[in-house]
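S.K.: Attaching a single structure in structure tokens format; questions to follow.
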Amino acid sequence: MSQGTITEIFASGTAVIVSPVKNVEYNGKQYPLKIHPEYKSGELTYEIFHEMLDIQEGRKPDVFGWVRQVQH
């Protein structure tokens, strides 16, 4: 981390798609990660979020069969 080898971290799940991590604490030291001011995340996190959202909302094809329609 202190050498700058990790530039971006995110968590993913069904409710949030992807959520950026803005800093990491290790051995009592804070390591802030680069956050793009417009995206409010790293650039890769932003790309993954929008790619997944486009698949979920039908703007891009679901080539893996991930999306299921649920009847309520």
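Lettering and numbering for the structure tokens are positional, with chains as A, B, ... in the shown order, residues counted from 1 in each chain, and ligands counted from 1 in the shown order.
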Show me, as a list in words, the residues that have an atom within 7 Å of Lys22 in chain A when counting only C-alpha atoms, minus same-chain residues fewer than 6 positions from it.

M.R.: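 Counting only the stated atoms, we get Pro32, Leu33 and Ile35 of chain A.
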
S.K.: As an MDAnalysis selection string, please: all residues of chain A that backbone DSSP puts in helix (DSSP H, G or I).

M.R.: chainID A and resid 43:56

S.K.: With a distance cut-off of 12 Å and only C-alpha atoms, select the neighbouring residues of range 48-51 of chain A, excluding the residue or stretch itself and same-chain residues fewer than 4 positions from it, and output the selection as JSON, numbers by chain.

M.R.: {"A": [9, 10, 11, 12, 13, 14, 15, 16, 17, 18, 19, 20, 39, 40, 41, 42, 43, 44, 55, 56, 57, 58, 59, 60, 61, 62]}

S.K.: Would you list, as a ChimeraX atom specification, the residues of chain A that end up in strand (DSSP E) under DSSP run on this structure's backbone?

M.R.: /A:10-13,17-20,23-26,29-32

S.K.: Save the residues we just selected, all heavy atoms, as a CSV table (one decimal), in the first residue's frame?

M.R.:
```
chain,number,residue,atom,x,y,z
A,10,PHE,N,-12.9,-1.9,-4.3
A,10,PHE,CA,-14.3,-1.8,-4.2
A,10,PHE,C,-14.9,-3.1,-3.6
A,10,PHE,O,-14.3,-4.1,-3.7
A,10,PHE,CB,-15.0,-1.4,-5.5
A,10,PHE,CG,-14.9,-2.5,-6.6
A,10,PHE,CD1,-15.8,-3.5,-6.7
A,10,PHE,CD2,-13.9,-2.4,-7.6
A,10,PHE,CE1,-15.7,-4.5,-7.7
A,10,PHE,CE2,-13.8,-3.4,-8.5
A,10,PHE,CZ,-14.7,-4.4,-8.6
A,11,ALA,N,-16.1,-2.9,-3.1
A,11,ALA,CA,-16.9,-4.1,-2.6
A,11,ALA,C,-18.1,-4.3,-3.6
A,11,ALA,O,-18.5,-3.3,-4.2
A,11,ALA,CB,-17.4,-3.9,-1.2
A,12,SER,N,-18.6,-5.5,-3.7
A,12,SER,CA,-19.8,-5.7,-4.5
A,12,SER,C,-20.8,-6.5,-3.8
A,12,SER,O,-20.5,-7.3,-2.9
A,12,SER,CB,-19.3,-6.3,-5.9
A,12,SER,OG,-18.9,-7.6,-5.6
A,13,GLY,N,-22.0,-6.4,-4.3
A,13,GLY,CA,-23.1,-7.1,-3.7
A,13,GLY,C,-24.4,-6.9,-4.5
A,13,GLY,O,-24.4,-6.0,-5.4
A,17,ILE,N,-24.5,-3.0,-6.2
A,17,ILE,CA,-23.7,-3.3,-7.4
A,17,ILE,C,-22.2,-3.3,-7.0
A,17,ILE,O,-21.6,-4.3,-6.8
A,17,ILE,CB,-24.0,-2.4,-8.6
A,17,ILE,CG1,-25.5,-2.4,-8.9
A,17,ILE,CG2,-23.2,-2.8,-9.8
A,17,ILE,CD1,-25.9,-1.4,-9.9
A,18,VAL,N,-21.6,-2.1,-7.0
A,18,VAL,CA,-20.2,-1.9,-6.5
A,18,VAL,C,-20.2,-0.7,-5.6
A,18,VAL,O,-20.9,0.3,-5.9
A,18,VAL,CB,-19.2,-1.8,-7.6
A,18,VAL,CG1,-19.1,-3.2,-8.3
A,18,VAL,CG2,-19.4,-0.7,-8.5
A,19,SER,N,-19.4,-0.7,-4.6
A,19,SER,CA,-19.3,0.4,-3.7
A,19,SER,C,-17.8,0.7,-3.5
A,19,SER,O,-17.0,-0.1,-3.1
A,19,SER,CB,-19.9,0.1,-2.4
A,19,SER,OG,-19.9,1.2,-1.5
A,20,PRO,N,-17.4,2.0,-3.8
A,20,PRO,CA,-15.9,2.3,-3.7
A,20,PRO,C,-15.4,2.3,-2.3
A,20,PRO,O,-16.2,2.7,-1.3
A,20,PRO,CB,-15.8,3.7,-4.3
A,20,PRO,CG,-17.2,4.3,-4.2
A,20,PRO,CD,-18.2,3.1,-4.2
A,23,ASN,N,-10.5,4.6,1.7
A,23,ASN,CA,-9.2,4.5,2.3
A,23,ASN,C,-9.2,3.2,3.1
A,23,ASN,O,-10.2,2.6,3.4
A,23,ASN,CB,-8.9,5.7,3.2
A,23,ASN,CG,-9.6,5.7,4.5
A,23,ASN,OD1,-9.6,4.8,5.2
A,23,ASN,ND2,-10.3,6.8,4.8
A,24,VAL,N,-8.0,2.8,3.4
A,24,VAL,CA,-7.7,1.5,4.1
A,24,VAL,C,-6.8,1.9,5.3
A,24,VAL,O,-5.9,2.7,5.2
A,24,VAL,CB,-7.0,0.5,3.2
A,24,VAL,CG1,-6.6,-0.7,4.0
A,24,VAL,CG2,-7.9,0.1,2.0
A,25,GLU,N,-7.1,1.2,6.4
A,25,GLU,CA,-6.2,1.4,7.6
A,25,GLU,C,-5.5,0.1,7.8
A,25,GLU,O,-6.1,-1.0,7.8
A,25,GLU,CB,-7.0,1.7,8.9
A,25,GLU,CG,-6.1,1.9,10.0
A,25,GLU,CD,-6.8,2.3,11.3
A,25,GLU,OE1,-7.9,3.0,11.2
A,25,GLU,OE2,-6.3,2.0,12.4
A,26,TYR,N,-4.2,0.1,7.9
A,26,TYR,CA,-3.4,-1.1,8.1
A,26,TYR,C,-2.3,-0.7,9.1
A,26,TYR,O,-1.5,0.2,8.9
A,26,TYR,CB,-2.8,-1.5,6.8
A,26,TYR,CG,-1.9,-2.8,6.9
A,26,TYR,CD1,-2.5,-4.0,7.2
A,26,TYR,CD2,-0.5,-2.7,6.8
A,26,TYR,CE1,-1.7,-5.1,7.3
A,26,TYR,CE2,0.3,-3.8,6.9
A,26,TYR,CZ,-0.3,-5.0,7.2
A,26,TYR,OH,0.5,-6.1,7.3
A,29,LYS,N,-2.1,2.8,10.3
A,29,LYS,CA,-1.8,3.9,9.3
A,29,LYS,C,-2.9,4.0,8.3
A,29,LYS,O,-3.3,2.9,7.8
A,29,LYS,CB,-0.4,3.7,8.7
A,29,LYS,CG,-0.1,4.8,7.7
A,29,LYS,CD,1.4,4.7,7.3
A,29,LYS,CE,1.6,5.9,6.3
A,29,LYS,NZ,2.8,5.9,5.6
A,30,GLN,N,-3.3,5.2,7.9
A,30,GLN,CA,-4.4,5.4,6.9
A,30,GLN,C,-3.7,5.5,5.5
A,30,GLN,O,-2.7,6.1,5.3
A,30,GLN,CB,-5.1,6.7,7.2
A,30,GLN,CG,-5.9,6.7,8.5
A,30,GLN,CD,-7.2,5.8,8.3
A,30,GLN,OE1,-7.8,5.8,7.3
A,30,GLN,NE2,-7.5,5.1,9.4
A,31,TYR,N,-4.3,4.8,4.6
A,31,TYR,CA,-3.9,4.8,3.2
A,31,TYR,C,-5.1,5.2,2.3
A,31,TYR,O,-5.9,4.4,2.0
A,31,TYR,CB,-3.4,3.4,2.7
A,31,TYR,CG,-2.2,3.0,3.5
A,31,TYR,CD1,-2.3,2.2,4.6
A,31,TYR,CD2,-0.9,3.3,3.0
A,31,TYR,CE1,-1.2,1.7,5.3
A,31,TYR,CE2,0.2,2.9,3.7
A,31,TYR,CZ,0.1,2.1,4.8
A,31,TYR,OH,1.2,1.6,5.5
A,32,PRO,N,-5.1,6.5,2.0
A,32,PRO,CA,-6.2,7.0,1.1
A,32,PRO,C,-6.0,6.5,-0.3
A,32,PRO,O,-4.9,6.3,-0.8
A,32,PRO,CB,-6.1,8.5,1.1
A,32,PRO,CG,-4.7,8.8,1.5
A,32,PRO,CD,-4.2,7.6,2.3
```

S.K.: Using CA of Tyr46 in chain A and CA of Val70 in chain A as the two end points, give the distance in Å to one decimal.

M.R.: 26.8 Å

S.K.: One number please: CA of Ile6 in chain A to CA of Glu47 in chain A, in Å, one decimal.

M.R.: 17.5 Å

S.K.: Report, in Å to a single decimal, how far apart CA of Glu38 in chain A and CA of Val63 in chain A are.

M.R.: 29.7 Å
